[in-house]
Amino acid sequence: MAITSRDVARLAGVSQPTVSRALRGDPRVAEATKKRVAEAVAALGYVPSEAGRSLVTRTTRRIGIVVTDLTNPFYPQLIGPLHDELGALGYRVMAFTERSDSLSAVEHLVDGSVDGVVLLTTTIGSPLPAELARRGVPFVCLNRESGTGLGDAAVVDNAAGGRSAAEHLVTLGHRRIAGIFGPEDTSTGRDREQGFRLALADAGIGIPAGLSSHGPFDFDTGHREMLRLLSMESRPTAVFCGNDVVAIGALNAAIAAGVDVPGEISVIGFDDIPMASWEVFGLTTIGHDLAEMAASAARLLVDRLTADGQAGPPRRIVSVPSLVARRTTGPATQR
């Protein structure tokens, strides 16, 4: 039969309610009593019932993570540190792998199974932030922001990163520059493109319509668009990609086509995921501390779940990006 809190109480020589209070860390329970309860728990191998604890505390100690694309190698770089930080703060993680951030996901987030929510892949027009706010469910946006301005957020300065990418290519002498940008309905895609274009404009450079495209942050986008760019009579000498996964797709297409990188065309990405530093890629990119960004999101959300953190305007923690120069960018080739 399963070990119960009553078994622990008998072994520790206390009442069952005292066991419950001791396991919750209730300051009214003497330290000596807590020690006897802990020893009884260890001796019996007792595992407290989460369901019972939730009924008493009205909390689940669980956080829901909404992510729509687990196939993208970028997101595990956030989920791992997020899981670790939330664990250190006393929370467990539940992943909701919805195909989109539509209202269909809300019912799973407001049924009492989680205390708060982390939105990893929200889009600018997503209804989720407004609905979570309306229902009183604390949430934080990680990596991307919605267009509502609701909720706390932990993000990178995407516009500054886009600007750094452009300045790097201009410094190398590139003037015919292409952009394989991310989805226009994401804050990351929008802001990286905006920063990149503004920096080029400051240098007197524009991106012709044929050298600009948008697509999902995936390998296929980079591969397909790079092949299109290489088929042009007047190719670009450099390509900025909306993220590293897109850039790796673009690199693969160039190599398969027998095009030298960076001798004939330079490629730069964004995020500096671990794959970017692999010797097979050596990708020049815009880097930022993914682990710290994820940990910041965890701390923002847990603070909202405490009595002191419930009120107050949305808070925003912004990471500073920096250029990570590797071997996929070089001086412009004269044509």
# chains A, B, ... in the order shown; residues from 1 in each chain; ligands from 1

call {"tool": "select_by_dssp", "arguments": {"residues": "stretch 193-281 of chain A", "states": "helix (DSSP H, G or I)", "output": "ChimeraX atom specification"}}
result
/A:193-202,209-211,219-230,244-256,274-277

call {"tool": "residues_around", "arguments": {"residues": "A:Arg176", "least_positions_apart": "5", "cutoff": "9 Å", "atoms": "only C-alpha atoms", "output": "MDAnalysis selection string"}}
result
chainID A and resid 205:208 211 235:238

call {"tool": "atom_distance", "arguments": {"atom1": "atom CA of A:Ala154", "atom2": "atom CA of A:Met293"}}
result
5.9 Å

call {"tool": "closest_atom_pairs", "arguments": {"of": "stretch 84-171 of chain A", "to": "stretch 260-284 of chain A", "cutoff": "10 Å", "atoms": "only C-alpha atoms", "output": "Markdown table"}}
result
| residue | atom | partner | partner_atom | distance |
| --- | --- | --- | --- | --- |
| A:Val156 | CA | A:Asp271 | CA | 9.3 |
| A:Asn158 | CA | A:Phe270 | CA | 9.1 |
| A:Gly161 | CA | A:Phe270 | CA | 7.7 |
| A:Gly162 | CA | A:Phe270 | CA | 8.2 |
| A:Ala165 | CA | A:Ile268 | CA | 7.2 |
| A:Ala166 | CA | A:Ile268 | CA | 9.4 |
| A:His168 | CA | A:Ile268 | CA | 9.4 |
| A:Leu169 | CA | A:Ser266 | CA | 8.3 |

call {"tool": "closest_residue", "arguments": {"among": "A:Pro216, A:Gly195, A:Gly210, A:Pro17", "to": "A:Pro183", "atoms": "only C-alpha atoms"}}
result
A:Pro216

call {"tool": "atom_distance", "arguments": {"atom1": "atom CA of A:Phe196", "atom2": "atom CA of A:Thr328"}}
result
18.0 Å

call {"tool": "residues_around", "arguments": {"residues": "A:Leu142", "least_positions_apart": "2", "cutoff": "10 Å", "atoms": "only C-alpha atoms", "output": "PyMOL selection string"}}
result
chain A and resi 65+78+82+118-122+139-140+144-145+152-156+293-298+317

call {"tool": "select_by_dssp", "arguments": {"residues": "stretch 188-291 of chain A", "states": "strand (DSSP E or B)", "output": "MDAnalysis selection string"}}
result
chainID A and resid 212:214 238:241 266:268 271 284:287

call {"tool": "closest_atom_pairs", "arguments": {"of": "stretch 113-200 of chain A", "to": "stretch 243-252 of chain A", "cutoff": "10 Å", "atoms": "only C-alpha atoms", "output": "Markdown table"}}
result
| residue | atom | partner | partner_atom | distance |
| --- | --- | --- | --- | --- |
| A:Ile180 | CA | A:Val246 | CA | 7.8 |
| A:Phe181 | CA | A:Asn243 | CA | 8.1 |
| A:Gly182 | CA | A:Asn243 | CA | 7.5 |
| A:Thr188 | CA | A:Asn243 | CA | 9.2 |
| A:Gly189 | CA | A:Asn243 | CA | 8.7 |
| A:Arg192 | CA | A:Asn243 | CA | 9.3 |

call {"tool": "atom_distance", "arguments": {"atom1": "atom CA of A:Ser164", "atom2": "atom CA of A:Pro81"}}
result
26.2 Å

call {"tool": "closest_residue", "arguments": {"among": "A:Ile124, A:Leu172, A:Ala325, A:Val8", "to": "A:Tyr46", "atoms": "only C-alpha atoms"}}
result
A:Val8

call {"tool": "residues_around", "arguments": {"residues": "A:Met226", "least_positions_apart": "4", "cutoff": "7 Å", "atoms": "only C-alpha atoms", "output": "ChimeraX atom specification"}}
result
/A:222,230,250,253-254

call {"tool": "write_last_selection", "arguments": {"atoms": "C-alpha atoms", "output": "PDB file, in the first residue's frame"}}
result
ATOM      1  CA  GLY A 222      17.195  29.840 -45.868  1.00  0.00           C
ATOM      2  CA  LEU A 230      22.221  32.543 -56.449  1.00  0.00           C
ATOM      3  CA  ALA A 250      21.372  29.305 -46.696  1.00  0.00           C
ATOM      4  CA  ALA A 253      22.358  25.769 -50.357  1.00  0.00           C
ATOM      5  CA  ALA A 254      25.474  27.773 -51.225  1.00  0.00           C
TER       6      ALA A 254
END

call {"tool": "residues_around", "arguments": {"residues": "A:Ile63", "least_positions_apart": "3", "cutoff": "8 Å", "atoms": "only C-alpha atoms", "output": "mmCIF file with all heavy atoms, in the first residue's frame"}}
result
data_model
loop_
_atom_site.group_PDB
_atom_site.id
_atom_site.type_symbol
_atom_site.label_atom_id
_atom_site.label_comp_id
_atom_site.auth_asym_id
_atom_site.auth_seq_id
_atom_site.Cartn_x
_atom_site.Cartn_y
_atom_site.Cartn_z
ATOM 1 N N TYR A 91 9.458 25.388 -8.848
ATOM 2 C CA TYR A 91 8.356 25.146 -9.779
ATOM 3 C C TYR A 91 8.726 24.053 -10.778
ATOM 4 O O TYR A 91 9.896 23.894 -11.143
ATOM 5 C CB TYR A 91 7.999 26.426 -10.547
ATOM 6 C CG TYR A 91 7.325 27.469 -9.690
ATOM 7 C CD1 TYR A 91 8.079 28.317 -8.882
ATOM 8 C CD2 TYR A 91 5.939 27.592 -9.674
ATOM 9 C CE1 TYR A 91 7.469 29.271 -8.076
ATOM 10 C CE2 TYR A 91 5.320 28.546 -8.878
ATOM 11 C CZ TYR A 91 6.094 29.374 -8.076
ATOM 12 O OH TYR A 91 5.474 30.313 -7.280
ATOM 13 N N ARG A 92 7.709 23.325 -11.206
ATOM 14 C CA ARG A 92 7.874 22.351 -12.282
ATOM 15 C C ARG A 92 7.305 22.934 -13.572
ATOM 16 O O ARG A 92 6.544 23.893 -13.554
ATOM 17 C CB ARG A 92 7.157 21.041 -11.941
ATOM 18 C CG ARG A 92 7.796 20.306 -10.775
ATOM 19 C CD ARG A 92 7.195 18.936 -10.584
ATOM 20 N NE ARG A 92 5.771 18.994 -10.253
ATOM 21 C CZ ARG A 92 4.969 17.941 -10.245
ATOM 22 N NH1 ARG A 92 5.429 16.756 -10.578
ATOM 23 N NH2 ARG A 92 3.695 18.065 -9.912
ATOM 24 N N VAL A 93 7.687 22.313 -14.685
ATOM 25 C CA VAL A 93 7.335 22.851 -16.000
ATOM 26 C C VAL A 93 6.429 21.886 -16.749
ATOM 27 O O VAL A 93 6.637 20.671 -16.734
ATOM 28 C CB VAL A 93 8.622 23.117 -16.821
ATOM 29 C CG1 VAL A 93 8.287 23.384 -18.276
ATOM 30 C CG2 VAL A 93 9.386 24.286 -16.233
ATOM 31 N N MET A 94 5.419 22.439 -17.410
ATOM 32 C CA MET A 94 4.573 21.682 -18.332
ATOM 33 C C MET A 94 4.652 22.357 -19.693
ATOM 34 O O MET A 94 4.459 23.577 -19.797
ATOM 35 C CB MET A 94 3.111 21.678 -17.862
ATOM 36 C CG MET A 94 2.855 20.909 -16.589
ATOM 37 S SD MET A 94 1.119 21.028 -16.074
ATOM 38 C CE MET A 94 0.315 20.183 -17.449
ATOM 39 N N VAL A 114 -1.957 25.126 -13.981
ATOM 40 C CA VAL A 114 -0.690 25.855 -13.874
ATOM 41 C C VAL A 114 -0.920 27.173 -13.135
ATOM 42 O O VAL A 114 -2.021 27.726 -13.149
ATOM 43 C CB VAL A 114 -0.064 26.140 -15.261
ATOM 44 C CG1 VAL A 114 0.289 24.845 -15.980
ATOM 45 C CG2 VAL A 114 -0.985 26.986 -16.131
ATOM 46 N N ASP A 115 0.140 27.665 -12.503
ATOM 47 C CA ASP A 115 0.058 28.943 -11.787
ATOM 48 C C ASP A 115 0.372 30.129 -12.687
ATOM 49 O O ASP A 115 -0.070 31.253 -12.428
ATOM 50 C CB ASP A 115 1.039 28.959 -10.610
ATOM 51 C CG ASP A 115 0.688 27.935 -9.548
ATOM 52 O OD1 ASP A 115 -0.487 27.507 -9.498
ATOM 53 O OD2 ASP A 115 1.583 27.550 -8.777
ATOM 54 N N GLY A 116 1.171 29.909 -13.711
ATOM 55 C CA GLY A 116 1.570 30.976 -14.613
ATOM 56 C C GLY A 116 2.013 30.402 -15.944
ATOM 57 O O GLY A 116 2.129 29.183 -16.100
ATOM 58 N N VAL A 117 2.286 31.285 -16.899
ATOM 59 C CA VAL A 117 2.559 30.857 -18.272
ATOM 60 C C VAL A 117 3.759 31.614 -18.838
ATOM 61 O O VAL A 117 3.916 32.821 -18.612
ATOM 62 C CB VAL A 117 1.326 31.105 -19.175
ATOM 63 C CG1 VAL A 117 1.623 30.733 -20.621
ATOM 64 C CG2 VAL A 117 0.116 30.329 -18.655
ATOM 65 N N VAL A 118 4.583 30.897 -19.596
ATOM 66 C CA VAL A 118 5.668 31.499 -20.377
ATOM 67 C C VAL A 118 5.316 31.337 -21.850
ATOM 68 O O VAL A 118 5.100 30.215 -22.318
ATOM 69 C CB VAL A 118 7.029 30.829 -20.102
ATOM 70 C CG1 VAL A 118 8.125 31.513 -20.923
ATOM 71 C CG2 VAL A 118 7.356 30.886 -18.611
#

call {"tool": "residues_around", "arguments": {"residues": "A:Gly25", "least_positions_apart": "4", "cutoff": "12 Å", "atoms": "only C-alpha atoms", "output": "list in words"}}
result
Thr18, Val19, Ser20, Arg21, Val29, Ala30, Glu31, Thr33, Lys34, Lys35, Val37 and Ala38 of chain A

call {"tool": "closest_residue", "arguments": {"among": "A:Val239, A:Val324, A:Ser231, A:Arg304", "to": "A:Ala257", "atoms": "only C-alpha atoms"}}
result
A:Ser231

call {"tool": "closest_residue", "arguments": {"among": "A:Ala291, A:Ala22, A:Leu132, A:Ala311", "to": "A:Arg36", "atoms": "only C-alpha atoms"}}
result
A:Ala22
